[in-house]
>>> print(open('data_28.pdb').read())   # PDB, C-alpha atoms
ATOM      1  CA  MET G   1     105.639 118.856 100.560
ATOM      2  CA  PHE G   2     105.075 119.067 104.334
ATOM      3  CA  SER G   3     108.822 118.850 104.839
ATOM      4  CA  LYS G   4     109.393 121.770 102.436
ATOM      5  CA  ILE G   5     107.178 124.038 104.534
ATOM      6  CA  GLY G   6     108.408 122.881 107.944
ATOM      7  CA  GLU G   7     105.204 121.012 108.811
ATOM      8  CA  LEU G   8     106.259 117.355 108.495
ATOM      9  CA  ASP G   9     105.581 116.781 112.189
ATOM     10  CA  LEU G  10     101.843 117.294 111.543
ATOM     11  CA  LEU G  11     101.808 113.774 110.105
ATOM     12  CA  ARG G  12     103.190 112.369 113.351
ATOM     13  CA  LYS G  13     100.760 114.403 115.428
ATOM     14  CA  LEU G  14      97.809 113.179 113.375
ATOM     15  CA  TYR G  15      98.739 109.543 112.796
ATOM     16  CA  GLY G  16     101.665 108.575 115.032
ATOM     17  CA  LYS G  17     103.569 106.180 112.827
ATOM     18  CA  ILE G  18     103.635 106.543 109.039
ATOM     19  CA  TYR G  19     104.633 103.808 106.607
ATOM     20  CA  ILE G  20     106.255 104.576 103.275
ATOM     21  CA  THR G  21     107.905 102.479 100.605
ATOM     22  CA  LYS G  22     111.573 102.456  99.655
ATOM     23  CA  ILE G  23     110.640 104.222  96.419
ATOM     24  CA  VAL G  24     108.910 107.051  98.285
ATOM     25  CA  CYS G  25     111.861 107.216 100.690
ATOM     26  CA  SER G  26     114.277 107.702  97.780
ATOM     27  CA  GLU G  27     112.023 110.447  96.371
ATOM     28  CA  PHE G  28     111.942 112.174  99.773
ATOM     29  CA  GLY G  29     115.559 113.228  99.444
ATOM     30  CA  GLU G  30     116.395 113.811 103.111
ATOM     31  CA  ASP G  31     116.714 111.909 106.370
ATOM     32  CA  ILE G  32     113.543 110.153 107.466
ATOM     33  CA  PRO G  33     112.388 110.741 111.069
ATOM     34  CA  ASP G  34     112.179 107.657 113.285
ATOM     35  CA  TRP G  35     108.353 107.756 113.328
ATOM     36  CA  ILE G  36     108.309 107.035 109.585
ATOM     37  CA  GLU G  37     108.903 103.370 108.798
ATOM     38  CA  VAL G  38     110.246 102.364 105.404
ATOM     39  CA  SER G  39     108.579  99.141 104.281
ATOM     40  CA  THR G  40     109.080  96.710 101.443
ATOM     41  CA  VAL G  41     106.082  96.038  99.254
ATOM     42  CA  ALA G  42     105.288  92.332  99.176
ATOM     43  CA  SER G  43     102.234  92.577  96.953
ATOM     44  CA  GLY G  44     102.451  91.788  93.242
ATOM     45  CA  ILE G  45      99.919  94.549  92.630
ATOM     46  CA  TYR G  46     102.814  97.032  92.416
ATOM     47  CA  GLU G  47     103.948  95.654  89.060
ATOM     48  CA  HIS G  48     100.435  96.007  87.671
ATOM     49  CA  LEU G  49      99.971  99.553  88.975
ATOM     50  CA  SER G  50     103.418 100.755  87.894
ATOM     51  CA  GLY G  51     102.345 100.164  84.312
ATOM     52  CA  TYR G  52     100.169 103.278  84.432
ATOM     53  CA  LEU G  53     101.008 105.126  87.665
ATOM     54  CA  ASP G  54     104.127 106.821  88.972
ATOM     55  CA  GLU G  55     106.329 104.327  90.869
ATOM     56  CA  GLY G  56     105.828 106.140  94.180
ATOM     57  CA  GLU G  57     102.052 106.108  93.817
ATOM     58  CA  ALA G  58     101.989 102.482  92.661
ATOM     59  CA  SER G  59     104.176 101.337  95.560
ATOM     60  CA  SER G  60     102.162 103.360  98.093
ATOM     61  CA  ILE G  61      98.873 101.845  96.929
ATOM     62  CA  ALA G  62     100.389  98.359  97.002
ATOM     63  CA  LEU G  63     101.682  98.952 100.540
ATOM     64  CA  ALA G  64      98.348 100.354 101.757
ATOM     65  CA  LEU G  65      96.614  97.203 100.491
ATOM     66  CA  GLU G  66      98.763  95.193 102.921
ATOM     67  CA  PHE G  67      97.287  96.950 105.982
ATOM     68  CA  GLU G  68      93.977  96.159 107.652
ATOM     69  CA  SER G  69      92.723  99.745 108.081
ATOM     70  CA  PRO G  70      94.946 102.017 106.002
ATOM     71  CA  LEU G  71      94.590 105.666 105.121
ATOM     72  CA  LEU G  72      96.508 106.490 101.966
ATOM     73  CA  ILE G  73      97.923 110.005 101.746
ATOM     74  CA  MET G  74      98.132 111.007  98.093
ATOM     75  CA  ASP G  75      97.502 114.166  96.096
ATOM     76  CA  GLU G  76      97.888 112.953  92.515
ATOM     77  CA  ILE G  77      94.414 112.578  90.975
ATOM     78  CA  LYS G  78      95.207 109.504  88.880
ATOM     79  CA  GLY G  79      96.668 107.670  91.884
ATOM     80  CA  ARG G  80      93.775 108.703  94.138
ATOM     81  CA  ARG G  81      91.281 107.389  91.595
ATOM     82  CA  ALA G  82      93.116 104.063  91.309
ATOM     83  CA  ALA G  83      93.310 103.738  95.103
ATOM     84  CA  ARG G  84      89.612 104.462  95.554
ATOM     85  CA  ASP G  85      88.768 101.974  92.807
ATOM     86  CA  MET G  86      90.613  99.393  94.921
ATOM     87  CA  GLY G  87      88.588 100.307  98.000
ATOM     88  CA  LEU G  88      91.269 102.313  99.806
ATOM     89  CA  PRO G  89      90.397 105.424 101.811
ATOM     90  CA  VAL G  90      92.458 108.362 100.549
ATOM     91  CA  THR G  91      93.215 111.839 101.812
ATOM     92  CA  GLY G  92      95.443 114.549 100.425
ATOM     93  CA  SER G  93      97.419 117.483 101.739
ATOM     94  CA  LEU G  94      94.382 119.694 102.242
ATOM     95  CA  GLY G  95      92.554 116.861 104.002
ATOM     96  CA  LEU G  96      95.504 116.497 106.366
ATOM     97  CA  LEU G  97      95.544 120.209 107.061
ATOM     98  CA  ILE G  98      91.803 120.270 107.749
ATOM     99  CA  ALA G  99      92.232 117.359 110.174
ATOM    100  CA  ALA G 100      95.186 119.137 111.813
ATOM    101  CA  LYS G 101      93.090 122.247 112.383
ATOM    102  CA  GLU G 102      90.074 120.281 113.629
ATOM    103  CA  LYS G 103      92.300 118.473 116.143
ATOM    104  CA  GLY G 104      94.001 121.675 117.287
ATOM    105  CA  HIS G 105      97.457 120.985 115.818
ATOM    106  CA  ILE G 106      97.347 124.227 113.820
ATOM    107  CA  LYS G 107      95.441 127.386 114.670
ATOM    108  CA  GLN G 108      94.700 128.497 111.132
ATOM    109  CA  LEU G 109      94.730 126.797 107.765
ATOM    110  CA  LYS G 110      95.295 129.863 105.612
ATOM    111  CA  PRO G 111      98.912 130.621 106.711
ATOM    112  CA  VAL G 112      99.922 127.006 106.031
ATOM    113  CA  ILE G 113      98.303 127.118 102.590
ATOM    114  CA  GLU G 114     100.197 130.348 101.884
ATOM    115  CA  LYS G 115     103.467 128.560 102.715
ATOM    116  CA  ILE G 116     102.491 125.742 100.329
ATOM    117  CA  GLN G 117     101.780 128.254  97.550
ATOM    118  CA  LYS G 118     105.382 129.499  97.825
ATOM    119  CA  THR G 119     106.638 126.032  96.819
ATOM    120  CA  ASN G 120     106.312 124.183  93.499
ATOM    121  CA  PHE G 121     103.294 122.274  94.878
ATOM    122  CA  ARG G 122     100.072 123.374  93.189
ATOM    123  CA  ILE G 123      96.561 123.347  94.631
ATOM    124  CA  SER G 124      93.620 124.782  92.731
ATOM    125  CA  LYS G 125      91.878 127.889  94.073
ATOM    126  CA  ILE G 126      88.605 125.948  94.122
ATOM    127  CA  LEU G 127      90.054 123.302  96.467
ATOM    128  CA  ILE G 128      91.662 125.938  98.660
ATOM    129  CA  ASP G 129      88.391 127.849  98.934
ATOM    130  CA  ARG G 130      86.493 124.644  99.817
ATOM    131  CA  ALA G 131      89.030 123.808 102.528
ATOM    132  CA  LEU G 132      88.943 127.339 103.978
ATOM    133  CA  GLU G 133      85.155 127.312 103.903
ATOM    134  CA  ARG G 134      85.062 123.952 105.678
ATOM    135  CA  VAL G 135      87.179 125.272 108.552
ATOM    136  CA  LYS G 136      85.271 128.575 108.542
ATOM    137  CA  GLU G 137      88.178 130.748 107.402
ATOM    138  CA  LEU G 138      86.498 132.011 104.232
TER     139      LEU G 138
END
>>> encode(input="data_28.pdb", output="structure tokens")
Amino acid sequence: MFSKIGELDLLRKLYGKIYITKIVCSEFGEDIPDWIEVSTVASGIYEHLSGYLDEGEASSIALALEFESPLLIMDEIKGRRAARDMGLPVTGSLGLLIAAKEKGHIKQLKPVIEKIQKTNFRISKILIDRALERVKEL
């Protein structure tokens, strides 16, 4: 979604290097910048998770479990719940945008949210209002 709105570089600014799975890479559908590393999932947990989660979510959770201090970036509620149940810290698109504003990478959250709303990515008005309130734009 960040790529669709021209804000993919926010991930690099916030986290430096990002790790994704081959499955997520194939879903991305465009060239991957050099600061995104495509990794193979070694954990057998993927097979278990893929029984009830989307393959991209299952592989991302399995990959995050292989890191010592991961932060999983995921918006899908079912995947977020599964990740949290496994003890993984999770953030979503709005969480990333809040962090980007707090660290000075974007000046305002609202214009970025408006760009997101022009795509097929959906965020509830309640979540948007909470995010805008948190950064004092509401």
>>> resolve_selection(input="data_28.pdb", expression="the PyMOL selection byres ((chain G and resi 49) around 10)", output="PyMOL selection string")
chain G and resi 44-48+50-55+57-59+61-62+79+82-83
>>> closest_residue(input="data_28.pdb", among="G:Thr40, G:Ser3, G:Ser124, G:Ser93", to="G:Phe28", atoms="only C-alpha atoms")
G:Ser3
>>> residues_around(input="data_28.pdb", residues="G:Ile20", least_positions_apart="3", cutoff="8 Å", atoms="all atoms listed in the file", output="PDB file with C-alpha atoms, in the coordinates of the input")
ATOM      1  CA  VAL G  24     108.910 107.051  98.285  1.00  0.00           C
ATOM      2  CA  CYS G  25     111.861 107.216 100.690  1.00  0.00           C
ATOM      3  CA  ILE G  36     108.309 107.035 109.585  1.00  0.00           C
ATOM      4  CA  GLU G  37     108.903 103.370 108.798  1.00  0.00           C
ATOM      5  CA  VAL G  38     110.246 102.364 105.404  1.00  0.00           C
ATOM      6  CA  SER G  39     108.579  99.141 104.281  1.00  0.00           C
ATOM      7  CA  SER G  60     102.162 103.360  98.093  1.00  0.00           C
ATOM      8  CA  LEU G  63     101.682  98.952 100.540  1.00  0.00           C
TER       9      LEU G  63
END
>>> resolve_selection(input="data_28.pdb", expression="the PyMOL selection byres ((chain G and resi 130-137) around 8)", output="list in words")
Leu94, Gly95, Ile98, Lys101, Glu102, Gln108, Leu109, Lys110, Ile126, Leu127, Ile128, Asp129 and Leu138 of chain G
>>> closest_atom_pairs(input="data_28.pdb", of="stretch 84-136 of chain G", to="stretch 11-14 of chain G", cutoff="9 Å", atoms="all atoms listed in the file", output="tab-separated table")
residue	atom	partner	partner_atom	distance
G:Leu96	CA	G:Leu11	CA	7.8
G:Ala99	CA	G:Leu14	CA	7.7
G:Ala100	CA	G:Leu14	CA	6.7
G:Lys103	CA	G:Leu14	CA	8.1
G:His105	CA	G:Lys13	CA	7.4
>>> atom_distance(input="data_28.pdb", atom1="atom CA of G:Ile5", atom2="atom CA of G:Lys115")
6.1 Å
>>> closest_residue(input="data_28.pdb", among="G:Arg84, G:Pro33, G:Ile116, G:Phe67", to="G:Gly16", atoms="all atoms listed in the file")
G:Pro33
>>> closest_residue(input="data_28.pdb", among="G:Ala42, G:Asp31, G:Asn120, G:Ile73", to="G:Leu97", atoms="only C-alpha atoms")
G:Ile73
>>> atom_distance(input="data_28.pdb", atom1="atom CA of G:Pro89", atom2="atom CA of G:Lys118")
28.6 Å
>>> resolve_selection(input="data_28.pdb", expression="the PyMOL selection byres ((chain G and resi 72) around 7)", output="ChimeraX atom specification")
/G:64,70-71,73-74,89-91
>>> atom_distance(input="data_28.pdb", atom1="atom CA of G:Ile32", atom2="atom CA of G:Leu8")
10.3 Å
